[in-house]
Structures are given as C-alpha cells and as structure tokens.
Amino acid sequence: QVQLVESGGGLVQAGGSLRLSCTVSGTIFIVNAMGWYRQAPGNQREWVATITTGGSTNYADSVKGRFVISRDNAKKTVYLQMNSVKPEDTAVYYCKVTIGSVERWGQGTLVTVSS
C-alpha cells in the first residue's frame with residue numbers, strides 16, 4: 001500500500017519560514033515528478049511547485065523567489081521550504097507524486113500565516 005505522509009504545517013507569522021515534508025511509503029521503485037499544491041478556503045486547488053527526478057524545478061509566479069522545492073530520492077521525500085511567507089499563503093498544502101504513470105496525493109497539511 002503506497003501512502004504519502006505530509007508534515008510541517010502550522011502557524012507562522014508573516015515574514016517567517018516553514019518547511020513542509022512529504023514522504024512516500026510502501027513498496028515502490030520509481031518516483032517520478034513530485035510537487036506541491038495548495039487550496040485556500042473558498043478557492044480551487046492551485047499548483048505551487050514541481051521538481052523532476054533529475055532535480056529541475058518550476059514555481060508558480062506567486063511563490064517564485066520565496067519558496068524552494070527539493071527532494072531526497074533515497075528517502076522518497078519532497079520538501080517545500082517556505083520563506084518570507086505572506087497571509088495569502090494560508091492554505092492546505094498537498095503533495096502530489098507520480099509513481100510510474102499514477103498520480104497520488106497526500107492528505108494535506110494546514111499552513112496558517114498570521115499578519
């Protein structure tokens with residue numbers, strides 16, 4: 001059974017930092033692209049960042065220059081380092097990974113940024 005376990009969410013003041021983690025557990029061989037999405041109350045889920053197996057990264061304009069996505073392939077873990085956070089970054093953050101051709105989602109972790 002493949003599971004994605006997220007951690008690292010919480011309450012942070014505007015201008016602060018937070019690091020999210022998402023670990024893939026279960027018997028798997030190849031994890032392809034890994035990424036983060038977020039969903040604020042009343043909004044649709046939106047893409048935040050993606051990292052490929054080779055380490056190439058892409059970011060949404062709203063987080064570019066503030067967030068950094070990284071991965072540890074040996075640990076099957078993807079990270080999202082959130083710096084200079086803003087109240088508008090408040091959302092439930094979800095990781096998404098592609099295993100083979102199947103996309104899987106984490107359960108979400110809440111990030112609240114206070115002003």
# chains A, B, ... in the order shown; residues from 1 in each chain; ligands from 1
>>> residues_around(residues="A:Ile28", least_positions_apart="5", cutoff="10 Å", atoms="only C-alpha atoms", output="ChimeraX atom specification")
/A:1-2,76,99-100
>>> select_by_dssp(residues="chain A", states="strand (DSSP E)", output="JSON, numbers by chain")
{"A": [3, 4, 5, 6, 7, 10, 11, 12, 13, 18, 19, 20, 21, 22, 23, 24, 25, 31, 32, 33, 34, 35, 36, 37, 38, 39, 46, 47, 48, 49, 50, 51, 57, 58, 59, 67, 68, 69, 70, 71, 72, 77, 78, 79, 80, 81, 82, 91, 92, 93, 94, 95, 96, 97, 98, 99, 102, 103, 104, 105, 109, 110, 111, 112, 113, 114]}
>>> closest_residue(among="A:Asn32, A:Gln44, A:Gln39, A:Thr109", to="A:Ser56", atoms="only C-alpha atoms")
A:Asn32
>>> closest_residue(among="A:Gln13, A:Ser70, A:Thr98, A:Thr77", to="A:Ser115", atoms="only C-alpha atoms")
A:Gln13
>>> residues_around(residues="A:Thr112", least_positions_apart="4", cutoff="9 Å", atoms="only C-alpha atoms", output="number ranges by chain")
A: 9-13, 87, 89-92
>>> closest_residue(among="A:Asn43, A:Thr27, A:Thr53, A:Gln107", to="A:Val5", atoms="only C-alpha atoms")
A:Gln107
>>> residues_around(residues="stretch 57-68 of chain A", least_positions_apart="3", cutoff="7 Å", atoms="only C-alpha atoms", output="PyMOL selection string")
chain A and resi 47-52+80-84
>>> decode(residues="stretch 39-77 of chain A", atoms="N, CA and C atoms", output="short mmCIF file (atom, residue, chain, number, x, y, z; two decimals), in the first residue's frame")
data_model
loop_
_atom_site.label_atom_id
_atom_site.label_comp_id
_atom_site.auth_asym_id
_atom_site.auth_seq_id
_atom_site.Cartn_x
_atom_site.Cartn_y
_atom_site.Cartn_z
N GLN A 39 -4.62 24.80 -1.40
CA GLN A 39 -6.02 25.19 -1.55
C GLN A 39 -6.41 26.07 -0.38
N ALA A 40 -6.69 27.32 -0.69
CA ALA A 40 -7.15 28.25 0.33
C ALA A 40 -8.67 28.15 0.46
N PRO A 41 -9.21 28.54 1.61
CA PRO A 41 -10.67 28.46 1.81
C PRO A 41 -11.42 29.19 0.71
N GLY A 42 -12.37 28.50 0.11
CA GLY A 42 -13.19 29.10 -0.93
C GLY A 42 -12.56 29.15 -2.29
N ASN A 43 -11.32 28.66 -2.39
CA ASN A 43 -10.61 28.69 -3.68
C ASN A 43 -10.39 27.29 -4.22
N GLN A 44 -10.07 27.25 -5.50
CA GLN A 44 -9.71 25.96 -6.09
C GLN A 44 -8.27 25.61 -5.74
N ARG A 45 -7.97 24.34 -5.82
CA ARG A 45 -6.59 23.91 -5.58
C ARG A 45 -5.71 24.47 -6.69
N GLU A 46 -4.55 24.99 -6.31
CA GLU A 46 -3.64 25.56 -7.28
C GLU A 46 -2.24 24.96 -7.14
N TRP A 47 -1.57 24.92 -8.26
CA TRP A 47 -0.21 24.40 -8.30
C TRP A 47 0.75 25.39 -7.68
N VAL A 48 1.74 24.86 -6.94
CA VAL A 48 2.74 25.71 -6.29
C VAL A 48 4.12 25.49 -6.89
N ALA A 49 4.55 24.23 -6.94
CA ALA A 49 5.90 23.95 -7.42
C ALA A 49 6.02 22.49 -7.80
N THR A 50 6.96 22.20 -8.68
CA THR A 50 7.23 20.84 -9.13
C THR A 50 8.73 20.62 -9.23
N ILE A 51 9.16 19.40 -8.94
CA ILE A 51 10.55 19.02 -9.12
C ILE A 51 10.58 17.67 -9.82
N THR A 52 11.42 17.57 -10.84
CA THR A 52 11.53 16.31 -11.60
C THR A 52 12.52 15.37 -10.92
N THR A 53 12.61 14.17 -11.45
CA THR A 53 13.55 13.19 -10.91
C THR A 53 14.97 13.71 -10.99
N GLY A 54 15.26 14.46 -12.03
CA GLY A 54 16.61 14.99 -12.21
C GLY A 54 16.88 16.27 -11.46
N GLY A 55 15.86 16.80 -10.78
CA GLY A 55 16.07 17.98 -9.96
C GLY A 55 15.66 19.30 -10.59
N SER A 56 15.10 19.26 -11.79
CA SER A 56 14.63 20.50 -12.40
C SER A 56 13.39 20.99 -11.67
N THR A 57 13.31 22.29 -11.45
CA THR A 57 12.21 22.85 -10.66
C THR A 57 11.43 23.90 -11.44
N ASN A 58 10.18 24.04 -11.07
CA ASN A 58 9.33 25.08 -11.60
C ASN A 58 8.44 25.60 -10.48
N TYR A 59 8.13 26.89 -10.53
CA TYR A 59 7.36 27.52 -9.47
C TYR A 59 6.24 28.38 -10.04
N ALA A 60 5.17 28.46 -9.28
CA ALA A 60 4.13 29.43 -9.60
C ALA A 60 4.69 30.83 -9.36
N ASP A 61 4.23 31.78 -10.15
CA ASP A 61 4.74 33.14 -10.01
C ASP A 61 4.53 33.69 -8.60
N SER A 62 3.46 33.27 -7.96
CA SER A 62 3.12 33.81 -6.64
C SER A 62 4.11 33.40 -5.56
N VAL A 63 4.91 32.36 -5.79
CA VAL A 63 5.85 31.90 -4.77
C VAL A 63 7.30 31.96 -5.24
N LYS A 64 7.50 32.28 -6.50
CA LYS A 64 8.85 32.30 -7.05
C LYS A 64 9.73 33.28 -6.28
N GLY A 65 10.92 32.83 -5.91
CA GLY A 65 11.83 33.67 -5.14
C GLY A 65 11.65 33.58 -3.64
N ARG A 66 10.56 32.94 -3.21
CA ARG A 66 10.31 32.79 -1.76
C ARG A 66 10.29 31.33 -1.33
N PHE A 67 9.76 30.47 -2.15
CA PHE A 67 9.67 29.04 -1.81
C PHE A 67 10.74 28.26 -2.59
N VAL A 68 11.20 27.19 -1.97
CA VAL A 68 12.17 26.30 -2.62
C VAL A 68 11.71 24.86 -2.47
N ILE A 69 11.58 24.18 -3.59
CA ILE A 69 11.22 22.76 -3.57
C ILE A 69 12.49 21.94 -3.75
N SER A 70 12.58 20.84 -3.01
CA SER A 70 13.73 19.95 -3.13
C SER A 70 13.26 18.53 -2.85
N ARG A 71 14.12 17.56 -3.14
CA ARG A 71 13.76 16.18 -2.92
C ARG A 71 14.98 15.37 -2.52
N ASP A 72 14.72 14.31 -1.78
CA ASP A 72 15.74 13.33 -1.41
C ASP A 72 15.25 12.01 -1.96
N ASN A 73 15.83 11.58 -3.07
CA ASN A 73 15.34 10.38 -3.73
C ASN A 73 15.53 9.12 -2.88
N ALA A 74 16.61 9.07 -2.13
CA ALA A 74 16.86 7.91 -1.28
C ALA A 74 15.78 7.78 -0.20
N LYS A 75 15.30 8.91 0.27
CA LYS A 75 14.27 8.90 1.32
C LYS A 75 12.87 8.99 0.73
N LYS A 76 12.77 9.12 -0.59
CA LYS A 76 11.47 9.26 -1.25
C LYS A 76 10.67 10.40 -0.61
N THR A 77 11.35 11.50 -0.42
CA THR A 77 10.76 12.64 0.28
C THR A 77 10.92 13.90 -0.55
#
